[in-house]
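One structure below.
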Protein chains: 2
Amino acid sequence: MVNQRADIGWQSSKSDSSGASNSGESSKESSRCSTPVLDADRTDRLRDKMKRRIESGDHWFSLEFFPPRTTSGAVNLISRFDRMGSGGPLFIDITWHPAGDPGSDKETSSMMIASTAVNYCGLESVLHLTCCNQTKEKISAHLNKAKRLGLKNIMALRGDPIGEDWVEEDGGFNYATDLVKHIRCEFDDYFDICVAGYPTGHPEAESYEDDLRHLKEKVDAGAHFIVTQLFFRAETFLKFTKDCRAIGITCPILPGIFPIQGYHSLRQLVKLSKLEVPEEIKQVIEPIKENDAAIRNYGIQQAVEMCKVLLASGEVPGLHFYTLNREVATMEVLRQLGLWVEDPRRPLPWAISAHPKRKEEDVRPIFWASRPKSYIYRTQDWDDFPNGRWGNSSSPAFGELTDYYLFYLKSKSPKEALLEMWGEELTSEESVYEVFTNYITGKTNCNGHKIMCLPWNDDPLATETNLLKDELEKVNRRGVLTINSQPNINGKASSDPIVGWGPPGGYVFQKAYLEFFTSSENVTALLQVLKKYEPRVNYHIVNVQGRNITNAPDMQPNAVTWGIFPGREIVQPTVVDPVSFMFWKDEAFALWIEQWAKLYEDESPSRMIIKYIHDNYYLVNLVDNDFPLDSCLWQVIEDMFVLLDSPQVTQDEGSEL
Amino acid sequence: MVNQRADIGWQSSKSDSSGASNSGESSKESSRCSTPVLDADRTDRLRDKMKRRIESGDHWFSLEFFPPRTTSGAVNLISRFDRMGSGGPLFIDITWHPAGDPGSDKETSSMMIASTAVNYCGLESVLHLTCCNQTKEKISAHLNKAKRLGLKNIMALRGDPIGEDWVEEDGGFNYATDLVKHIRCEFDDYFDICVAGYPTGHPEAESYEDDLRHLKEKVDAGAHFIVTQLFFRAETFLKFTKDCRAIGITCPILPGIFPIQGYHSLRQLVKLSKLEVPEEIKQVIEPIKENDAAIRNYGIQQAVEMCKVLLASGEVPGLHFYTLNREVATMEVLRQLGLWVEDPRRPLPWAISAHPKRKEEDVRPIFWASRPKSYIYRTQDWDDFPNGRWGNSSSPAFGELTDYYLFYLKSKSPKEALLEMWGEELTSEESVYEVFTNYITGKTNCNGHKIMCLPWNDDPLATETNLLKDELEKVNRRGVLTINSQPNINGKASSDPIVGWGPPGGYVFQKAYLEFFTSSENVTALLQVLKKYEPRVNYHIVNVQGRNITNAPDMQPNAVTWGIFPGREIVQPTVVDPVSFMFWKDEAFALWIEQWAKLYEDESPSRMIIKYIHDNYYLVNLVDNDFPLDSCLWQVIEDMFVLLDSPQVTQDEGSEL
């Protein structure tokens, strides 16, 4: 626990009463953080993040999505989370559709989509939950599951009654207030709770005033903030906020912004929410109702103008967007408002999960660098996560690959696209080398297709890897099939746009790393060459059967990325660990078959080529420990080729493997 | 526990069967070390260390001491441990004197001397224990206490019966074998056990052969190695070893070497051990028996020659020296044999304790850098020690200073020497400044005495601090009374003779650090100046009442020394920790009074001057986070003096403190 003794008189260093700037008083009873707080957002609760942003006058935005209907829709939505997450939403929220089995384990359920957003996309997420027609047991089961999955925030809603003949039940969930009370009662302070506000009053409320009183009840029952239903005029929201404040509602109230994106979607939404579209808007869009682009442009302009008024009022700390699962309009509105900020700073060099049990996690093996979702998935059952030192981890068991086909481990590209990129038909191992080489260079293959991904890298080459492009091209062409690498770095600023991470004013370091598949003939020569590079180069070499050759001292992990920051302990977020490498190799070898070989017919020559590589090649990783010097790893490979080109030597050593 | 899962099929990386050098096979069930094994000696048991040295053909030596009679004798002996420890003994052993309350808590008891050697001097130590006339309960109590104090090795002896009328007891401890069995029975494998061998047979044994059989029994009962009684001819030992091997004794047998150091000590020892001095030795020493120097020289020469024969025989893995608590002769013999090796390499930048519960300790606050014994003492009750990261430590409570006068916390120098160095009479705060300045420069004071120590530094200036000498002199002269400092280091080789530590092939780093006492006027100006150095400089400023001003982010520790090594995680052995600083300041302020003020009469002007400093000065520490740049800390102090020299400003700001 962080700050577990904070209750015994700790004063933060900010609570300075001495007059000296940036100073504070403390006593030796003080607590301390047990983790380097590289990113306060990682440990703060949503309510605290809001508080900090309000205090600093820093406007935020949030994004609402609904669960997709299909698995491929889910894959798309998750990519959208990654893209829209890069603009810096304070949170996203996922709606709850009682008819769609929202609490199930299906890839498309509200629960699983919200869980994916938290665990795999690292997004602060709010799960909607409706209570009407639900038993307490069912609701508690949903909440317990949400908690287990790492969700910390609930949007408590009544929901629409199913059927016409709904009547209030005694002791049942008749109003959102009942749900808020239930959450507080059963889960104490665990969840941050959001409730819905209706700027024009809830359609079923007896009056606007009556509805305001209901809202006050919901807040008093324990809600932390309010998100409103959409509206079309800034003054509607501002009057509503004023009325809320007048009756004593003090929590943040976030306006629900709906950029009009099309004539039909607007009509449908208005019908569902029983709202009225103001005359001035109708007059604009009715004449252009067949022109989607025109309507969308108008919607963006209308939303931007309304948001500007809202933000200028000083009453609005953040804007909540009803995205309808679309990107363009919302992103454009945010860009025009200056709220879309793609912050190149990274708290750590890898993608963080937002599950609370992972909040102290700050070390990972480098192997999953291009597959962070897979790493998170395979370690989801760990009870605690390595913090400060990988070697301290007491949870070395990685999840098996039986659930391998789970949608978020699959390639984003459909089979046809993969075949275009990786070849409809392979003729030799060399045609595989060419795929790797074209991926590195970004050149099109002989059929005119760019290789945008490989089974081990679902995205184009990282900017950092680009630094190594020329060398990578050369070795891939000769059958050193690289799947992961990083250059050495000797103390660059933590604010460096390419390799920087962590808080400002620090220095980041890396040891050069190279990981590749290559033939057993190459490995025989490589082992000869590596003798010359002791102890400068550490290596692990393994084949699919688990035959492992290494010079790691005492099987210890090797830190290959680390940072030194003002006033903090050392952070070493990436290691090459001999133990986890054996788990990674299962995955790395399996990807040959699962993602590549299976594109082809059983027994087809193409499939047999991939199968041959899978069965016979070795997976090699190399670390150059001398980070202040130019990397010697390219020379190691070069030496290997030289040795291979002198025929006697390779014959002599041929029996080694 | 390290390698706690080693029983489930782990193969070390050394057990290579592939033919490739320095490689090995492993599986993903492998265990891993939970600590960077910077020094295998730190975790291995004595028997394993011997095994490794025997396998590598690397001869060792060990040193026997007896407990001192007086407290000042104990202080001297502990200094001797430090000096003789630097030559690299494999272990030392402490004899057991049943008449001298050997298991008590007295500073001079065998138990406490052995405990000090382990805990404070970091020496592998063997505690002798005799069993005759002792109850099982008493013996077990001694063993339990030894275990609690961190002792891991016992020399099991029968001991001499007290009085003449000793008869064997049924079921009692009649022979050392009984004690060995008892230790094995009650403590399983916890202790490494040594037993005594008699190259000419035990004086009370029925025959030489009978005595050999007894020795075999002792070893069979569970002893790990044998140390022999002293002897005067190499062939005596070699015959004995051959006879031991012949009856199946296979453990290491270490010859007991006694360099003759004086005529009378030789006669006494020979009488006690019922040995006969060979005629050829008698003939040499009888004529020179009044010439101590000549006898000592002969003793050294005789021992060296005998040892050379022993080592050349191939039967002797190590030599055991009966030092009689003296240094010169043993060290000279070892030097001539080439066994005295002062290894400048340090596994960590501070002195390690050999208590097994501290074996994973690898982070400490910098504050106790010159007082490691005090740090070990004040943390002796911790159940576990920070490993990898200070912030993970769950044992923040430091021992109070009530036992402050314990002998190993006292200055090594007597009161008279301290008064000569620090001044018989102080006339002003400036005369204190002068003492600090002379300590730094190594110049004599006005009475012609060199300042060899200060209350916070019981030794002359560290080589590393010498790098900062000029700057330190300048600031001490003006009342910035430095007690701890280190220069910044940006990646020097771990083998660097001055600042290096850790395994070879690595790089060590430091942030510049400066700690000093200074007046509240200076601190007021300093705080003004420090605003310019945000966030480059972290500071903690505290007075004796505990008023603490700091800019440490979230009260986190700041790593100020770290090392990057081949194939390992980052090691960061020294931190500036805001929490432990509050414990250190109690000690740092108390030293003014306990070690300095109390040298003078109550109410004397000298005492009042020290008391004034104690009551009014602040203890300041500064860290320059920008380790790749030249340290700015001198500029900070310079800026402070400049500000102080402009009178208006200091008046304006005078109210800040």
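Letters A, B, ... mark the chains of the structure tokens in the order given; residue numbers begin at 1 per chain; ligand numbers begin at 1, in order shown.
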* Just asking: which residues within range 184-394 of chain A are alpha helix (DSSP H) according to DSSP, as a PyMOL selection string? -> chain A and resi 184-187+208-220+234-246+263-273+279-285+292-312+328-337+372-378
* To do: Compile the contact shell of Ala303 in chain A as a PyMOL selection string: residues with an atom at most 8 Å away, counting only C-alpha atoms, same-chain residues fewer than 2 positions apart removed.
  => chain A and resi 257-260+299-301+305-307+333
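Counting only C-alpha atoms, Arg296 in chain A has the following residues at most 12 Å away, ignoring those fewer than 3 positions along the same chain: A:Phe258, A:Pro259, A:Ile260, A:Gln261, A:Gly262, A:Tyr263, A:His264, A:Ser265, A:Leu266, A:Val284, A:Ile285, A:Ile288, A:Lys289, A:Glu290, A:Asn291, A:Asp292, A:Ala293, A:Gly299, A:Ile300, A:Gln301, A:Gln302, A:Ala303, A:Arg326, A:Val328, A:Ala329, A:Thr330, A:Glu332, A:Val333.
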